[in-house]
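Asker: One structure is given below, represented as structure tokens, and several questions about it will come after.
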Number of protein chains: 2
Amino acid sequence: MVLTATNNSTEDYLKNILILHTRNGCVRAVDLAAELGVTKPSVSAAMKRLRAKKLVFINENGHICLTEAGRAIAEEINSKHELIKHFLMNIGVNEKTAAKEACSIEHAIGEETYARLGEFCSKTMLGLK
Amino acid sequence: MVLTATNNSTEDYLKNILILHTRNGCVRAVDLAAELGVTKPSVSAAMKRLRAKKLVFINENGHICLTEAGRAIAEEINSKHELIKHFLMNIGVNEKTAAKEACSIEHAIGEETYARLGEFCSKTMLGLK
DNA sequence: TCAGGCAGTTAGCCTTGTCTAACTGTACAT
DNA sequence: ATGTACAGTTAGACAAGGCTAACTGCCTGA
């Protein structure tokens, strides 16, 4: 749970690569583009940046894969996303809004807040999804 | 409590103009630069953008002032900031972290979440600062 | 009165992240 | 074997927002 310095865009790409990998078993640039609502060249440029940072690589089949470091970040962001969404829904925010806002808030909270919010939810609220 | 479309940078400038105005009675570009940790030319460019959007104006003394619209946004962001910081501190996040993260989260939550979080805090927690 | 200092602006550059248009390359179906 | 479709990349543009260097303009103290 210690992020190497990244930014929102990087984290979003990594998170969505993880999600698509879980959903489809593999990740193509064109699927990632559709998922994120950007164009193929944007994904291409982003993958170049992520490759340079050793966060993704392209495997023998031409698919996008996370490195260990990339996966660690993706999972961290994904965990934050789920926790924040859970919290928001539990205080009465509707699911769609909770999901959308969690996508922004997930980039803003650090280790400490993640831990405290997790404790708080398990003390105060119904089961953690 | 209905924001005209803005972005984080715009909202940060407006919020800090409000804060400096409250603290000092007036706002100069150089103080705003110091407060935000940016250079004078950055503030100058930002003020040009905000003037174009009718969110700030320069008064007879050369000081930066919020228009009604600018003040509305600044106050909304500031309220969100205070609420989020309050919440985070109440779940055990240390003040410094709470303040820093509130500065990011404040841009990510909408009207609904602000309302629900406010209700939740007054039900569940100690006095609202 | 004029030299310094300070506030603000302008010019020019960089990075990030997006876009469209056009190209490459593969692969499949006829 | 060849044309069509689709995945991916490259080239070139743009906008936002930041920076440094250099300029303007004012005000003050000696």
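Simple scheme: letters A, B, ... for chains in structure tokens order, numbers from 1 for residues in each chain, numbers from 1 for ligands in the order shown.
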Mind dumping a table of every chain D residue within 12 Å of chain B, with the nearest atom pair and its distance in Å to one decimal, using only C-alpha atoms (C1' of nucleotides), sorted by chain and rising number, as a tab-separated table?
Answerer:
```
residue	atom	partner	partner_atom	distance
D:DA16	C1'	B:Ser9	CA	9.7
D:DG17	C1'	B:Ser42	CA	7.8
D:DG18	C1'	B:Ser42	CA	6.7
D:DC19	C1'	B:Thr39	CA	7.9
D:DT20	C1'	B:Pro41	CA	9.7
D:DA21	C1'	B:Pro41	CA	11.3
```
Asker: Just N, CA and C atoms (P, O5', C5', C4', C3', O3' and C1' of nucleotides) for this one: save the residues we selected as a compact mmCIF listing (two decimals), in the first residue's frame.
Answerer:
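As a result, out-v9.txt now contains:
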```
# COMPACT_ATOMS: atom_id res chain seq x y z
P DA D 16 -8.64 26.32 -22.52
O5' DA D 16 -7.88 25.62 -21.31
C5' DA D 16 -8.18 24.27 -20.99
C4' DA D 16 -7.27 23.80 -19.88
C3' DA D 16 -6.96 24.88 -18.85
O3' DA D 16 -7.00 24.25 -17.58
C1' DA D 16 -4.94 24.06 -19.77
P DG D 17 -7.16 25.21 -16.31
O5' DG D 17 -5.66 25.25 -15.76
C5' DG D 17 -5.01 24.06 -15.42
C4' DG D 17 -3.53 24.33 -15.31
C3' DG D 17 -3.16 25.64 -14.59
O3' DG D 17 -2.35 25.33 -13.47
C1' DG D 17 -1.89 25.31 -16.54
P DG D 18 -2.02 26.43 -12.35
O5' DG D 18 -0.43 26.49 -12.30
C5' DG D 18 0.31 25.31 -12.04
C4' DG D 18 1.60 25.28 -12.83
C3' DG D 18 2.55 26.46 -12.67
O3' DG D 18 3.37 26.28 -11.53
C1' DG D 18 2.50 25.68 -14.91
P DC D 19 4.30 27.52 -11.02
O5' DC D 19 5.55 27.55 -12.04
C5' DC D 19 6.36 26.42 -12.20
C4' DC D 19 7.45 26.71 -13.22
C3' DC D 19 8.18 28.03 -12.97
O3' DC D 19 9.46 27.78 -12.42
C1' DC D 19 7.47 27.89 -15.24
P DT D 20 10.26 29.09 -11.82
O5' DT D 20 11.11 29.65 -13.05
C5' DT D 20 11.89 28.81 -13.90
C4' DT D 20 12.49 29.65 -15.01
C3' DT D 20 13.21 30.91 -14.53
O3' DT D 20 14.39 31.07 -15.30
C1' DT D 20 11.48 31.52 -16.02
P DA D 21 15.43 32.21 -14.83
O5' DA D 21 15.27 33.31 -15.99
C5' DA D 21 14.90 32.90 -17.30
C4' DA D 21 14.73 34.13 -18.16
C3' DA D 21 15.47 35.37 -17.67
O3' DA D 21 15.88 36.10 -18.82
C1' DA D 21 13.16 35.83 -17.71
```
Asker: Taking the DSSP assignment computed from this structure's backbone, write out as JSON, numbers by chain all residues of chain B that belong to alpha helix (DSSP H).
Answerer: {"B": [8, 9, 10, 11, 12, 13, 14, 15, 16, 17, 18, 19, 20, 21, 22, 23, 24, 29, 30, 31, 32, 33, 34, 35, 36, 40, 41, 42, 43, 44, 45, 46, 47, 48, 49, 50, 51, 52, 68, 69, 70, 71, 72, 73, 74, 75, 76, 77, 78, 79, 80, 81, 82, 83, 84, 85, 86, 87, 88, 89, 90, 95, 96, 97, 98, 99, 100, 101, 102, 103, 104, 105, 111, 112, 113, 114, 115, 116, 117, 118, 119, 120, 121, 122, 123, 124]}
Asker: Name all residues at most 10 Å from Tyr114 in chain A (count only C-alpha atoms (C1' of nucleotides); drop same-chain ones fewer than 6 positions away) and give them as a ChimeraX atom specification.
Answerer: /A:76,79-80,83-84,106,120 /B:93
Asker: What are the residues of chain C that have an atom within 8 Å of an atom of chain B, counting only C-alpha atoms (C1' of nucleotides), as a JSON list (two decimals) with C-alpha atoms (C1' of nucleotides), in the first residue's frame?
Answerer:
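Below is the file that was written, selection18.json:
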```
[["chain", "number", "residue", "atom", "x", "y", "z"],
["C", 7, "DA", "C1'", 3.62, 44.37, -7.73],
["C", 8, "DG", "C1'", 1.94, 42.96, -11.89],
["C", 9, "DT", "C1'", 2.18, 41.71, -16.84]]
```
Asker: Near chain A, which residues of chain B fall within 10 Å when you count only C-alpha atoms, and what do they look like as a PyMOL selection string?
Answerer: chain B and resi 88-94+97-98+100-110+112-121+124
Asker: With C-alpha atoms kept, could you save the residues just selected as a short mmCIF file (atom, residue, chain, number, x, y, z; two decimals), in the first residue's frame?
Answerer:
```cif
data_model
loop_
_atom_site.label_atom_id
_atom_site.label_comp_id
_atom_site.auth_asym_id
_atom_site.auth_seq_id
_atom_site.Cartn_x
_atom_site.Cartn_y
_atom_site.Cartn_z
CA LEU B 88 -12.15 12.99 8.26
CA MET B 89 -10.92 14.28 11.59
CA ASN B 90 -13.88 12.68 13.32
CA ILE B 91 -13.03 9.27 11.93
CA GLY B 92 -9.49 9.66 13.25
CA VAL B 93 -7.51 11.13 10.37
CA ASN B 94 -4.95 13.62 11.64
CA THR B 97 -3.86 15.00 6.35
CA ALA B 98 -7.55 15.79 6.68
CA LYS B 100 -4.77 18.33 2.64
CA GLU B 101 -7.08 15.62 1.35
CA ALA B 102 -10.16 17.77 1.82
CA CYS B 103 -8.55 20.14 -0.70
CA SER B 104 -8.83 17.44 -3.35
CA ILE B 105 -12.07 15.79 -2.28
CA GLU B 106 -13.94 19.09 -2.13
CA HIS B 107 -13.87 19.23 -5.94
CA ALA B 108 -15.23 15.74 -6.33
CA ILE B 109 -18.47 15.79 -4.38
CA GLY B 110 -21.78 17.11 -5.64
CA GLU B 112 -26.32 15.24 -3.07
CA THR B 113 -23.22 13.89 -1.37
CA TYR B 114 -22.68 17.18 0.43
CA ALA B 115 -26.21 17.00 1.80
CA ARG B 116 -25.99 13.34 2.83
CA LEU B 117 -22.59 13.79 4.44
CA GLY B 118 -23.86 16.81 6.36
CA GLU B 119 -26.84 14.86 7.68
CA PHE B 120 -24.65 11.91 8.53
CA CYS B 121 -22.18 14.01 10.47
CA THR B 124 -23.42 10.49 14.09
#
```
Asker: To one decimal place, how far is CA of Arg49 in chain B from C1' of DG17 in chain C in Å?
Answerer: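 Interatomic distance, CA of Arg49 in chain B to C1' of DG17 in chain C: 20.2 Å.
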Asker: Name all residues at most 7 Å from range 63-69 of chain A (count only C-alpha atoms (C1' of nucleotides); drop same-chain ones fewer than 4 positions away) and give them as a list in words.
Answerer: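 Contacts, with the query itself left out: Cys26, Val27, Arg28, Lys54, Leu55, Val56, Phe57, Ile58, Asn59 and Ile73 of chain A.
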